[in-house]
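Below: run.pdb (PDB, C-alpha atoms)
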```pdb
ATOM      1  CA  MET A  29       4.673   4.805 -33.465
ATOM      2  CA  ASN A  30       7.234   2.167 -34.376
ATOM      3  CA  VAL A  31       6.586  -1.474 -35.225
ATOM      4  CA  ALA A  32       7.019  -2.689 -31.642
ATOM      5  CA  THR A  33       4.168  -0.516 -30.402
ATOM      6  CA  ARG A  34       1.967  -0.333 -33.498
ATOM      7  CA  ASP A  35      -0.837  -2.299 -31.853
ATOM      8  CA  ILE A  36      -1.127  -0.123 -28.746
ATOM      9  CA  PRO A  37      -4.267   1.990 -29.292
ATOM     10  CA  ASP A  38      -3.517   4.752 -26.789
ATOM     11  CA  PRO A  39      -0.499   7.066 -26.428
ATOM     12  CA  ARG A  40      -0.708   6.777 -22.649
ATOM     13  CA  LEU A  41       0.580   3.897 -20.521
ATOM     14  CA  VAL A  42      -2.219   1.416 -21.145
ATOM     15  CA  ASP A  43      -2.278  -2.357 -20.849
ATOM     16  CA  THR A  44      -4.294  -5.078 -22.513
ATOM     17  CA  PHE A  45      -6.800  -5.052 -19.624
ATOM     18  CA  GLY A  46      -7.668  -1.381 -20.116
ATOM     19  CA  ARG A  47      -5.813  -0.021 -17.105
ATOM     20  CA  VAL A  48      -3.998   3.293 -17.537
ATOM     21  CA  ALA A  49      -0.876   4.047 -15.496
ATOM     22  CA  THR A  50      -0.936   7.686 -14.401
ATOM     23  CA  ASP A  51       0.954   7.253 -11.112
ATOM     24  CA  LEU A  52       4.746   6.907 -11.377
ATOM     25  CA  ARG A  53       6.892   5.591  -8.516
ATOM     26  CA  VAL A  54      10.559   6.545  -8.913
ATOM     27  CA  SER A  55      13.335   4.954  -6.881
ATOM     28  CA  LEU A  56      16.180   7.449  -6.452
ATOM     29  CA  THR A  57      18.544   5.049  -4.678
ATOM     30  CA  ASP A  58      18.618   1.540  -3.274
ATOM     31  CA  LYS A  59      20.622   2.679  -0.244
ATOM     32  CA  CYS A  60      19.023   3.032   3.170
ATOM     33  CA  ASN A  61      20.200   4.128   6.604
ATOM     34  CA  LEU A  62      17.926   1.656   8.404
ATOM     35  CA  ARG A  63      18.029  -2.148   8.351
ATOM     36  CA  CYS A  64      14.372  -3.060   8.847
ATOM     37  CA  SER A  65      14.066  -6.775   9.518
ATOM     38  CA  TYR A  66      11.270  -7.287   6.983
ATOM     39  CA  CYS A  67      13.284  -5.577   4.245
ATOM     40  CA  MET A  68      16.964  -6.510   4.474
ATOM     41  CA  PRO A  69      19.513  -8.365   6.602
ATOM     42  CA  ALA A  70      21.338  -6.670   9.463
ATOM     43  CA  GLU A  71      24.532  -6.337   7.437
ATOM     44  CA  GLY A  72      22.728  -4.569   4.620
ATOM     45  CA  LEU A  73      22.961  -5.361   0.909
ATOM     46  CA  ASP A  74      25.380  -4.868  -1.945
ATOM     47  CA  TRP A  75      24.302  -1.467  -3.261
ATOM     48  CA  LEU A  76      24.014  -0.787  -6.971
ATOM     49  CA  PRO A  77      27.285   0.435  -8.505
ATOM     50  CA  LYS A  78      27.183   4.197  -9.066
ATOM     51  CA  PRO A  79      27.744   3.979 -12.868
ATOM     52  CA  GLU A  80      24.545   1.937 -13.130
ATOM     53  CA  LEU A  81      22.445   4.572 -11.375
ATOM     54  CA  LEU A  82      20.623   7.157 -13.424
ATOM     55  CA  THR A  83      22.116  10.627 -13.103
ATOM     56  CA  ASP A  84      19.980  13.519 -11.919
ATOM     57  CA  ASP A  85      19.665  14.776 -15.493
ATOM     58  CA  GLU A  86      18.623  11.323 -16.702
ATOM     59  CA  VAL A  87      15.961  11.048 -14.016
ATOM     60  CA  ILE A  88      14.634  14.492 -14.895
ATOM     61  CA  ARG A  89      14.529  13.657 -18.588
ATOM     62  CA  LEU A  90      12.490  10.525 -17.934
ATOM     63  CA  MET A  91      10.142  12.545 -15.707
ATOM     64  CA  ARG A  92       9.566  14.891 -18.643
ATOM     65  CA  VAL A  93       8.863  11.996 -21.009
ATOM     66  CA  ALA A  94       6.442  10.466 -18.506
ATOM     67  CA  VAL A  95       4.514  13.669 -17.887
ATOM     68  CA  GLU A  96       4.559  15.303 -21.322
ATOM     69  CA  GLN A  97       4.172  12.231 -23.523
ATOM     70  CA  LEU A  98       2.704   9.444 -21.427
ATOM     71  CA  GLY A  99       0.069  11.120 -19.293
ATOM     72  CA  VAL A 100       1.613  10.612 -15.867
ATOM     73  CA  ARG A 101      -0.143  12.860 -13.356
ATOM     74  CA  GLU A 102       1.360  11.740 -10.043
ATOM     75  CA  VAL A 103       5.024  11.166  -9.205
ATOM     76  CA  ARG A 104       6.242   9.676  -5.940
ATOM     77  CA  PHE A 105       9.950   9.490  -5.172
ATOM     78  CA  THR A 106      11.055   6.472  -3.155
ATOM     79  CA  GLY A 107      14.177   4.489  -2.353
ATOM     80  CA  GLY A 108      15.789   2.807  -0.534
ATOM     81  CA  GLU A 109      15.782   6.073   1.312
ATOM     82  CA  PRO A 110      15.347   8.927  -1.221
ATOM     83  CA  LEU A 111      16.721  11.591   1.111
ATOM     84  CA  LEU A 112      20.130   9.912   0.774
ATOM     85  CA  ARG A 113      20.187  11.068  -2.861
ATOM     86  CA  PRO A 114      22.228  14.309  -2.891
ATOM     87  CA  GLY A 115      20.250  15.781  -5.797
ATOM     88  CA  VAL A 116      16.772  15.007  -4.475
ATOM     89  CA  VAL A 117      15.724  18.645  -3.994
ATOM     90  CA  GLY A 118      16.764  19.580  -7.526
ATOM     91  CA  ILE A 119      14.982  16.554  -8.969
ATOM     92  CA  VAL A 120      11.800  17.517  -7.107
ATOM     93  CA  ALA A 121      12.058  21.125  -8.322
ATOM     94  CA  ALA A 122      12.514  20.053 -11.941
ATOM     95  CA  THR A 123       9.563  17.674 -11.699
ATOM     96  CA  THR A 124       7.176  20.213 -10.192
ATOM     97  CA  ALA A 125       8.158  22.628 -12.989
ATOM     98  CA  LEU A 126       6.796  20.254 -15.644
ATOM     99  CA  ARG A 127       3.534  21.027 -17.415
ATOM    100  CA  PRO A 128       0.944  19.821 -16.841
ATOM    101  CA  ARG A 129       2.250  19.905 -13.290
ATOM    102  CA  PRO A 130       2.103  16.486 -11.638
ATOM    103  CA  GLU A 131       1.326  15.952  -7.988
ATOM    104  CA  VAL A 132       4.684  15.155  -6.398
ATOM    105  CA  SER A 133       5.203  13.262  -3.136
ATOM    106  CA  LEU A 134       7.990  11.365  -1.399
ATOM    107  CA  THR A 135       8.128   8.230   0.749
ATOM    108  CA  THR A 136      10.847   8.327   3.396
ATOM    109  CA  ASN A 137      11.906   6.766   6.680
ATOM    110  CA  GLY A 138      11.866  10.310   8.051
ATOM    111  CA  ILE A 139      15.402  10.404   9.407
ATOM    112  CA  GLY A 140      16.538  13.204   7.082
ATOM    113  CA  LEU A 141      13.302  15.200   7.043
ATOM    114  CA  ALA A 142      14.145  17.622   9.840
ATOM    115  CA  ARG A 143      16.976  19.087   7.750
ATOM    116  CA  THR A 144      15.326  18.854   4.311
ATOM    117  CA  ALA A 145      11.597  19.509   4.804
ATOM    118  CA  GLU A 146      11.761  23.243   4.168
ATOM    119  CA  ALA A 147      13.930  22.861   1.058
ATOM    120  CA  LEU A 148      11.648  20.153  -0.316
ATOM    121  CA  ALA A 149       8.602  22.324   0.276
ATOM    122  CA  ALA A 150      10.305  25.247  -1.466
ATOM    123  CA  ALA A 151      11.040  22.934  -4.405
ATOM    124  CA  GLY A 152       7.312  22.279  -4.716
ATOM    125  CA  LEU A 153       6.938  18.888  -3.013
ATOM    126  CA  ASP A 154       3.293  18.406  -2.120
ATOM    127  CA  ARG A 155       3.435  15.874   0.715
ATOM    128  CA  VAL A 156       5.352  13.014   2.336
ATOM    129  CA  ASN A 157       4.717   9.457   3.490
ATOM    130  CA  VAL A 158       6.820   8.450   6.486
ATOM    131  CA  SER A 159       7.468   4.832   7.432
ATOM    132  CA  LEU A 160       6.980   4.272  11.162
ATOM    133  CA  ASP A 161       6.118   0.865  12.635
ATOM    134  CA  THR A 162       6.094   1.644  16.350
ATOM    135  CA  LEU A 163       6.357   4.462  18.890
ATOM    136  CA  ASP A 164       8.226   2.284  21.369
ATOM    137  CA  ALA A 165      11.965   3.021  21.268
ATOM    138  CA  GLU A 166      13.028  -0.528  22.061
ATOM    139  CA  ARG A 167      10.736  -2.074  19.459
ATOM    140  CA  PHE A 168      11.911   0.514  16.957
ATOM    141  CA  ARG A 169      15.511  -0.635  17.540
ATOM    142  CA  THR A 170      14.441  -4.252  17.192
ATOM    143  CA  ILE A 171      12.718  -3.667  13.850
ATOM    144  CA  THR A 172      15.116  -1.167  12.259
ATOM    145  CA  ARG A 173      18.344  -2.187  14.036
ATOM    146  CA  ARG A 174      18.998   1.516  14.599
ATOM    147  CA  ASP A 175      18.285   3.925  17.476
ATOM    148  CA  ARG A 176      16.685   6.688  15.393
ATOM    149  CA  LEU A 177      13.061   6.971  16.562
ATOM    150  CA  SER A 178      13.511  10.529  17.841
ATOM    151  CA  ASP A 179      14.882  11.593  14.450
ATOM    152  CA  VAL A 180      11.867  10.128  12.652
ATOM    153  CA  LEU A 181       9.413  11.896  14.947
ATOM    154  CA  ALA A 182      11.314  15.169  14.545
ATOM    155  CA  GLY A 183      11.223  14.724  10.785
ATOM    156  CA  MET A 184       7.454  14.277  10.811
ATOM    157  CA  ARG A 185       7.013  17.442  12.834
ATOM    158  CA  ALA A 186       9.257  19.335  10.428
ATOM    159  CA  ALA A 187       7.309  18.060   7.432
ATOM    160  CA  ALA A 188       4.018  19.198   8.932
ATOM    161  CA  ALA A 189       5.479  22.590   9.822
ATOM    162  CA  ALA A 190       6.748  23.009   6.255
ATOM    163  CA  GLY A 191       3.293  22.322   4.847
ATOM    164  CA  LEU A 192       4.064  18.882   3.374
ATOM    165  CA  THR A 193       0.601  17.719   4.303
ATOM    166  CA  PRO A 194      -1.179  15.543   4.871
ATOM    167  CA  VAL A 195       1.744  13.709   6.440
ATOM    168  CA  LYS A 196       0.890  10.048   5.920
ATOM    169  CA  VAL A 197       2.370   7.400   8.184
ATOM    170  CA  ASN A 198       3.014   3.931   6.756
ATOM    171  CA  ALA A 199       3.210   1.088   9.285
ATOM    172  CA  VAL A 200       3.833  -2.643   8.933
ATOM    173  CA  LEU A 201       2.786  -4.897  11.809
ATOM    174  CA  LEU A 202       4.927  -7.945  12.580
ATOM    175  CA  ARG A 203       3.532 -10.840  14.565
ATOM    176  CA  GLY A 204       5.114 -11.086  17.982
ATOM    177  CA  VAL A 205       6.976  -7.805  17.553
ATOM    178  CA  ASN A 206       4.700  -4.767  17.174
ATOM    179  CA  ASP A 207       1.345  -6.401  16.509
ATOM    180  CA  GLY A 208      -0.103  -4.631  19.551
ATOM    181  CA  ASP A 209       0.854  -1.154  18.366
ATOM    182  CA  ALA A 210      -2.000  -0.353  15.977
ATOM    183  CA  VAL A 211      -4.062   1.609  18.500
ATOM    184  CA  SER A 212      -1.132   3.637  19.859
ATOM    185  CA  LEU A 213      -0.015   4.518  16.331
ATOM    186  CA  LEU A 214      -3.489   5.725  15.423
ATOM    187  CA  GLU A 215      -3.794   7.699  18.655
ATOM    188  CA  TYR A 216      -0.496   9.419  17.923
ATOM    189  CA  CYS A 217      -1.472  10.220  14.345
ATOM    190  CA  LEU A 218      -4.825  11.656  15.421
ATOM    191  CA  GLN A 219      -3.118  13.852  18.018
ATOM    192  CA  HIS A 220      -0.731  15.305  15.433
ATOM    193  CA  GLY A 221      -2.992  15.483  12.401
ATOM    194  CA  TYR A 222      -1.211  12.699  10.509
ATOM    195  CA  GLU A 223      -2.957  10.005   8.443
ATOM    196  CA  LEU A 224      -2.133   6.403   9.344
ATOM    197  CA  ARG A 225      -1.896   3.620   6.767
ATOM    198  CA  ILE A 226      -1.204   0.078   7.992
ATOM    199  CA  ILE A 227       0.187  -2.214   5.305
ATOM    200  CA  GLU A 228       0.089  -5.985   5.111
ATOM    201  CA  GLN A 229       3.633  -7.333   5.050
ATOM    202  CA  MET A 230       4.468  -8.214   1.450
ATOM    203  CA  PRO A 231       6.877 -10.788  -0.054
ATOM    204  CA  LEU A 232       9.549  -8.240  -0.938
ATOM    205  CA  ASP A 233      12.268  -8.902   1.634
ATOM    206  CA  ALA A 234      15.832  -9.483   0.498
ATOM    207  CA  GLN A 235      16.046 -12.647   2.592
ATOM    208  CA  HIS A 236      12.991 -14.205   0.861
ATOM    209  CA  ALA A 237      11.809 -15.239   4.324
ATOM    210  CA  TRP A 238       8.250 -13.914   4.003
ATOM    211  CA  ASP A 239       5.696 -16.396   5.271
ATOM    212  CA  ARG A 240       2.013 -15.817   4.609
ATOM    213  CA  THR A 241       1.039 -17.887   7.636
ATOM    214  CA  THR A 242       2.667 -15.366   9.981
ATOM    215  CA  MET A 243       1.544 -12.228   8.109
ATOM    216  CA  ILE A 244      -0.922 -10.024   9.986
ATOM    217  CA  THR A 245      -3.956  -9.687   7.724
ATOM    218  CA  ALA A 246      -6.208  -6.733   7.051
ATOM    219  CA  GLU A 247      -8.961  -8.373   9.115
ATOM    220  CA  GLU A 248      -6.605  -8.675  12.072
ATOM    221  CA  ILE A 249      -5.453  -5.076  11.665
ATOM    222  CA  LEU A 250      -9.041  -3.809  11.664
ATOM    223  CA  ALA A 251      -9.952  -5.950  14.662
ATOM    224  CA  SER A 252      -7.009  -4.498  16.569
ATOM    225  CA  LEU A 253      -7.932  -0.914  15.670
ATOM    226  CA  ARG A 254     -11.530  -1.510  16.726
ATOM    227  CA  THR A 255     -10.410  -2.286  20.268
ATOM    228  CA  GLY A 256      -9.742   1.427  20.635
ATOM    229  CA  PHE A 257     -11.872   3.146  18.006
ATOM    230  CA  ASN A 258     -15.192   2.982  16.230
ATOM    231  CA  LEU A 259     -14.526   2.472  12.520
ATOM    232  CA  THR A 260     -17.135   3.034   9.816
ATOM    233  CA  GLU A 261     -16.786   2.685   6.065
ATOM    234  CA  ASP A 262     -15.495   5.789   4.325
ATOM    235  CA  PRO A 263     -18.124   6.955   1.798
ATOM    236  CA  THR A 264     -15.430   8.575  -0.350
ATOM    237  CA  GLU A 265     -14.858   6.671  -3.579
ATOM    238  CA  ARG A 266     -11.602   4.733  -3.373
ATOM    239  CA  GLY A 267     -10.679   4.925  -7.059
ATOM    240  CA  ALA A 268      -7.195   3.573  -7.722
ATOM    241  CA  SER A 269      -5.940   4.193  -4.198
ATOM    242  CA  PRO A 270      -4.222   1.148  -2.668
ATOM    243  CA  ALA A 271      -5.692   1.981   0.746
ATOM    244  CA  GLU A 272      -9.161   1.074   1.930
ATOM    245  CA  THR A 273     -10.116   3.811   4.393
ATOM    246  CA  TRP A 274     -12.409   4.013   7.390
ATOM    247  CA  LEU A 275     -13.749   6.997   9.331
ATOM    248  CA  VAL A 276     -12.429   7.060  12.885
ATOM    249  CA  ASP A 277     -15.123   7.691  15.523
ATOM    250  CA  GLY A 278     -17.402   9.189  12.899
ATOM    251  CA  GLY A 279     -14.729  11.267  11.132
ATOM    252  CA  PRO A 280     -13.429  13.431   9.703
ATOM    253  CA  ALA A 281     -10.196  11.606  10.623
ATOM    254  CA  ARG A 282      -9.497   8.478   8.597
ATOM    255  CA  VAL A 283      -7.318   5.403   8.842
ATOM    256  CA  GLY A 284      -6.325   3.217   5.932
ATOM    257  CA  VAL A 285      -5.360  -0.404   5.440
ATOM    258  CA  ILE A 286      -3.377  -1.514   2.399
ATOM    259  CA  ALA A 287      -4.187  -5.187   1.952
ATOM    260  CA  SER A 288      -2.002  -6.056  -1.016
ATOM    261  CA  VAL A 289      -2.124  -9.760  -0.198
ATOM    262  CA  THR A 290      -5.601 -10.571   1.111
ATOM    263  CA  ARG A 291      -7.621  -7.901  -0.710
ATOM    264  CA  ALA A 292      -5.650  -7.398  -3.900
ATOM    265  CA  PHE A 293      -6.538  -4.270  -5.896
ATOM    266  CA  CYS A 294      -4.735  -5.179  -9.113
ATOM    267  CA  GLY A 295      -7.837  -4.549 -11.239
ATOM    268  CA  THR A 296      -7.663  -0.808 -10.573
ATOM    269  CA  CYS A 297      -3.875  -0.443 -10.444
ATOM    270  CA  ASP A 298      -2.668   2.779 -12.072
ATOM    271  CA  ARG A 299       1.046   2.562 -11.235
ATOM    272  CA  THR A 300       4.249   2.294 -13.223
ATOM    273  CA  ARG A 301       7.686   2.085 -11.638
ATOM    274  CA  LEU A 302      11.169   3.317 -12.528
ATOM    275  CA  THR A 303      14.102   1.854 -10.630
ATOM    276  CA  ALA A 304      17.206   3.807  -9.671
ATOM    277  CA  ASP A 305      19.144   2.035 -12.428
ATOM    278  CA  GLY A 306      16.658   2.903 -15.165
ATOM    279  CA  GLN A 307      14.446  -0.179 -15.414
ATOM    280  CA  ILE A 308      10.689  -0.044 -15.903
ATOM    281  CA  ARG A 309       8.586  -2.381 -13.783
ATOM    282  CA  ASN A 310       4.926  -2.692 -14.691
ATOM    283  CA  CYS A 311       4.086  -4.340 -11.351
ATOM    284  CA  LEU A 312       5.635  -4.185  -7.911
ATOM    285  CA  PHE A 313       5.846  -7.983  -7.968
ATOM    286  CA  ALA A 314       7.004  -8.392 -11.580
ATOM    287  CA  ARG A 315       9.907 -10.717 -12.252
ATOM    288  CA  ASP A 316      10.745  -8.996 -15.544
ATOM    289  CA  GLU A 317      11.928  -5.450 -16.210
ATOM    290  CA  SER A 318      12.308  -3.268 -19.298
ATOM    291  CA  ASP A 319      15.575  -1.392 -19.780
ATOM    292  CA  LEU A 320      15.351   2.345 -20.466
ATOM    293  CA  ARG A 321      18.868   3.209 -19.325
ATOM    294  CA  THR A 322      20.589   1.618 -22.323
ATOM    295  CA  ALA A 323      18.377   3.451 -24.812
ATOM    296  CA  LEU A 324      18.790   6.663 -22.840
ATOM    297  CA  ARG A 325      22.585   6.453 -22.891
ATOM    298  CA  SER A 326      22.848   5.326 -26.494
ATOM    299  CA  GLY A 327      21.185   8.439 -27.861
ATOM    300  CA  GLY A 328      17.550   7.364 -27.959
ATOM    301  CA  SER A 329      15.030  10.128 -28.610
ATOM    302  CA  ASP A 330      12.248  11.045 -26.216
ATOM    303  CA  GLU A 331       9.839   9.376 -28.632
ATOM    304  CA  GLU A 332      11.827   6.132 -28.551
ATOM    305  CA  LEU A 333      11.943   6.182 -24.768
ATOM    306  CA  ALA A 334       8.200   6.769 -24.628
ATOM    307  CA  ASP A 335       7.552   3.869 -27.006
ATOM    308  CA  ARG A 336       9.711   1.520 -24.945
ATOM    309  CA  TRP A 337       7.823   2.568 -21.825
ATOM    310  CA  ARG A 338       4.451   1.992 -23.518
ATOM    311  CA  LEU A 339       5.527  -1.462 -24.619
ATOM    312  CA  ALA A 340       6.670  -2.321 -21.088
ATOM    313  CA  MET A 341       3.255  -1.446 -19.678
ATOM    314  CA  TRP A 342       1.254  -3.062 -22.486
ATOM    315  CA  GLY A 343       2.288  -6.532 -21.300
ATOM    316  CA  LYS A 344       1.253  -6.066 -17.666
ATOM    317  CA  LEU A 345      -0.344  -9.165 -16.142
ATOM    318  CA  PRO A 346      -3.874  -9.052 -14.700
ATOM    319  CA  GLY A 347      -2.623  -9.477 -11.134
ATOM    320  CA  HIS A 348       0.399 -10.053  -8.923
ATOM    321  CA  GLY A 349      -0.340 -13.738  -8.357
ATOM    322  CA  ILE A 350       0.692 -13.854  -4.697
ATOM    323  CA  ASN A 351      -2.196 -16.174  -3.935
ATOM    324  CA  ASP A 352      -1.258 -18.589  -6.719
ATOM    325  CA  PRO A 353       0.743 -21.664  -5.622
ATOM    326  CA  SER A 354       3.184 -20.974  -8.458
ATOM    327  CA  PHE A 355       3.979 -17.428  -7.241
ATOM    328  CA  LEU A 356       7.671 -16.580  -7.120
ATOM    329  CA  GLN A 357       8.940 -13.596  -5.182
ATOM    330  CA  PRO A 358      10.700 -10.898  -7.251
ATOM    331  CA  VAL A 359      14.466 -11.231  -7.320
ATOM    332  CA  ARG A 360      14.870  -7.618  -6.276
ATOM    333  CA  PRO A 361      13.857  -6.620  -2.727
ATOM    334  CA  MET A 362      11.668  -3.608  -1.988
ATOM    335  CA  SER A 363      14.725  -1.454  -1.246
ATOM    336  CA  SER A 364      15.905  -1.920  -4.830
ATOM    337  CA  ILE A 365      12.504  -1.759  -6.519
ATOM    338  CA  GLY A 366      11.095   1.299  -4.808
ATOM    339  CA  GLY A 367       7.666   1.473  -3.159
TER
END
```
Transcribe the structure of this file into structure tokens.
Amino acid sequence: MNVATRDIPDPRLVDTFGRVATDLRVSLTDKCNLRCSYCMPAEGLDWLPKPELLTDDEVIRLMRVAVEQLGVREVRFTGGEPLLRPGVVGIVAATTALRPRPEVSLTTNGIGLARTAEALAAAGLDRVNVSLDTLDAERFRTITRRDRLSDVLAGMRAAAAAGLTPVKVNAVLLRGVNDGDAVSLLEYCLQHGYELRIIEQMPLDAQHAWDRTTMITAEEILASLRTGFNLTEDPTERGASPAETWLVDGGPARVGVIASVTRAFCGTCDRTRLTADGQIRNCLFARDESDLRTALRSGGSDEELADRWRLAMWGKLPGHGINDPSFLQPVRPMSSIGG
């Protein structure tokens, strides 16, 4: 180990608080074919220039370093919208071929799933998370600024048929927009065998317009769900999962709430993030990044890349600090960071 990492006592992705990052989130693109109001403006964003994006081979190389040298055991591909990446199926296939084989999943808006689900399953993808905030077509257009609800629902059906299960549904509730949709979303997911996760809106919008006072909290989400269902605590150990889960009407079906703001789970965080342009982020809300792309393109060895990655994670802060008055939102929006 070189001088920069000589004090790190573990070859894995550890930090000074003893957390070990075994779950890698990989953004394959910052582009998206929706314009969700809590993510980006209606006109979209200036996308990353193509020369700055990692190539497919570069992504695959970093997957190998992460799995073989750094102990990563789970890989989730995100965006933007990852299905807009032409090489996504090949990247998934190369990742599932690594040993020890990581669990590989993908978070998507679902629009492209109907045409890609079978190919992704054949490439070894284990499961998908689909973002869906409402089942009402008009509210869907209001939130996403696109008329694509039927495509999302078709994509979810295709994913289930291809065996990419459990299909998990990620929903964000917005006050005055879809805050009454929790029960209908859960009913739909129960009918189709999907698993619903409702997420507190986080300060990751490109407009920097997030306002905690208007955010729908975990307590409000649970209260809404309980108007239609009996929820009891899930006896399954949560571990490092971001979702707190409850049994629905006695189980076995479950519903989850990801309360990143009001019930922060930073103390058990096991995630590391790679952006589409080759930057390591040790926290979703970090304001600093560590550059792997330059070392990658200047001839750095796998060992050097691994050391740089270890150093990036070693300095991870104890928490995201959202509840601190001095908190500053990351410069990059969620679409550029990856989920």
Exercise for the section: Check which residues satisfy the PyMOL selection byres ((chain A and resi 285) around 10) in the file shown, then give them as an MDAnalysis selection string. Expected result: chainID A and resid 198:199 224:228 245:247 249:250 270:274 283:284 286:288 291
Problem - Given the PyMOL selection byres ((chain A and resi 148-163) around 8), the residues it picks as a PyMOL selection string - result: chain A and resi 117-118+120-121+124+131-138+144-147+164-165+167-168+177+180+184+187+190-201+206+209+212-213
Problem - Who sits within 10 Å of Ala94 in chain A, all atoms listed in the file, same chain under 2 positions skipped, as JSON, numbers by chain - result: {"A": [40, 41, 50, 51, 52, 88, 89, 90, 91, 92, 96, 97, 98, 99, 100, 101, 102, 103, 300, 330, 333, 334, 337]}
Practice task
May I have the residues within 12 Å of Met362 in chain A as a ChimeraX atom specification, using all atoms listed in the file and disregarding those fewer than 5 positions away in the same chain?
Solution key: /A:55,57-60,64,66-68,73,106-109,229-236,301,303,312-314,357,367
Just C-alpha atoms for this one: save the residues we selected as a PDB file, keeping the file's coordinate frame.
```
ATOM      1  CA  SER A  55      13.335   4.954  -6.881  1.00  0.00           C
ATOM      2  CA  THR A  57      18.544   5.049  -4.678  1.00  0.00           C
ATOM      3  CA  ASP A  58      18.618   1.540  -3.274  1.00  0.00           C
ATOM      4  CA  LYS A  59      20.622   2.679  -0.244  1.00  0.00           C
ATOM      5  CA  CYS A  60      19.023   3.032   3.170  1.00  0.00           C
ATOM      6  CA  CYS A  64      14.372  -3.060   8.847  1.00  0.00           C
ATOM      7  CA  TYR A  66      11.270  -7.287   6.983  1.00  0.00           C
ATOM      8  CA  CYS A  67      13.284  -5.577   4.245  1.00  0.00           C
ATOM      9  CA  MET A  68      16.964  -6.510   4.474  1.00  0.00           C
ATOM     10  CA  LEU A  73      22.961  -5.361   0.909  1.00  0.00           C
ATOM     11  CA  THR A 106      11.055   6.472  -3.155  1.00  0.00           C
ATOM     12  CA  GLY A 107      14.177   4.489  -2.353  1.00  0.00           C
ATOM     13  CA  GLY A 108      15.789   2.807  -0.534  1.00  0.00           C
ATOM     14  CA  GLU A 109      15.782   6.073   1.312  1.00  0.00           C
ATOM     15  CA  GLN A 229       3.633  -7.333   5.050  1.00  0.00           C
ATOM     16  CA  MET A 230       4.468  -8.214   1.450  1.00  0.00           C
ATOM     17  CA  PRO A 231       6.877 -10.788  -0.054  1.00  0.00           C
ATOM     18  CA  LEU A 232       9.549  -8.240  -0.938  1.00  0.00           C
ATOM     19  CA  ASP A 233      12.268  -8.902   1.634  1.00  0.00           C
ATOM     20  CA  ALA A 234      15.832  -9.483   0.498  1.00  0.00           C
ATOM     21  CA  GLN A 235      16.046 -12.647   2.592  1.00  0.00           C
ATOM     22  CA  HIS A 236      12.991 -14.205   0.861  1.00  0.00           C
ATOM     23  CA  ARG A 301       7.686   2.085 -11.638  1.00  0.00           C
ATOM     24  CA  THR A 303      14.102   1.854 -10.630  1.00  0.00           C
ATOM     25  CA  LEU A 312       5.635  -4.185  -7.911  1.00  0.00           C
ATOM     26  CA  PHE A 313       5.846  -7.983  -7.968  1.00  0.00           C
ATOM     27  CA  ALA A 314       7.004  -8.392 -11.580  1.00  0.00           C
ATOM     28  CA  GLN A 357       8.940 -13.596  -5.182  1.00  0.00           C
ATOM     29  CA  GLY A 367       7.666   1.473  -3.159  1.00  0.00           C
TER      30      GLY A 367
END
```
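Distances here use all atoms listed in the file; by that measure, the residue among A:Pro280, A:Gly204, A:Gly221, A:Gly295 closest to Thr170 in chain A is A:Gly204.
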Any idea what's packed within 8 Å of Leu324 in chain A, counting only C-alpha atoms, ignoring anything in its chain fewer than 4 positions away? Could you give it as a PDB file with C-alpha atoms, keeping the file's coordinate frame?
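The file below, part_9.pdb, is the result:
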```
ATOM      1  CA  GLU A  86      18.623  11.323 -16.702  1.00  0.00           C
ATOM      2  CA  LEU A 320      15.351   2.345 -20.466  1.00  0.00           C
ATOM      3  CA  GLY A 328      17.550   7.364 -27.959  1.00  0.00           C
ATOM      4  CA  SER A 329      15.030  10.128 -28.610  1.00  0.00           C
ATOM      5  CA  LEU A 333      11.943   6.182 -24.768  1.00  0.00           C
TER       6      LEU A 333
END
```
Set up a box along x, y and z of the file covering all listed atoms of range 281-287 of chain A, add 4 Å on every one of the six sides, and write the centre and edge lengths in Å to one decimal, as JSON.
```
{"center_x": -6.8, "center_y": 3.2, "center_z": 6.3, "size_x": 14.8, "size_y": 24.8, "size_z": 16.7}
```
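Relative to CA of Gly343 in chain A, CA of Asp43 in chain A is found at 6.2 Å.
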Practice task
Please indicate the distance in Å from CA of Val116 in chain A to CA of Arg315 in chain A, rounded to one decimal place.
Solution key: 27.7 Å
Exercise for the section: Could you jot down the CA of Trp75 in chain A to CA of Ile171 in chain A separation for me, Å, one decimal place? Expected result: 20.8 Å
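Remark: for Val205 in chain A, the closest of the candidate residues A:Ser65, A:Ser252, A:Ser269, A:Thr322 is A:Ser65 (distances computed over only C-alpha atoms).
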Exercise for the section: Please evaluate the PyMOL selection byres ((chain A and resi 42) around 12) against the displayed coordinates and give the resulting residues as a PyMOL selection string. Expected result: chain A and resi 33+35-41+43-50+98-100+297-300+310+335+337-345
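Nearest to Ser364 in chain A of all the residues A:Gly327, A:Pro263, A:Gly278, A:Gly306 is A:Gly306, counting only C-alpha atoms.
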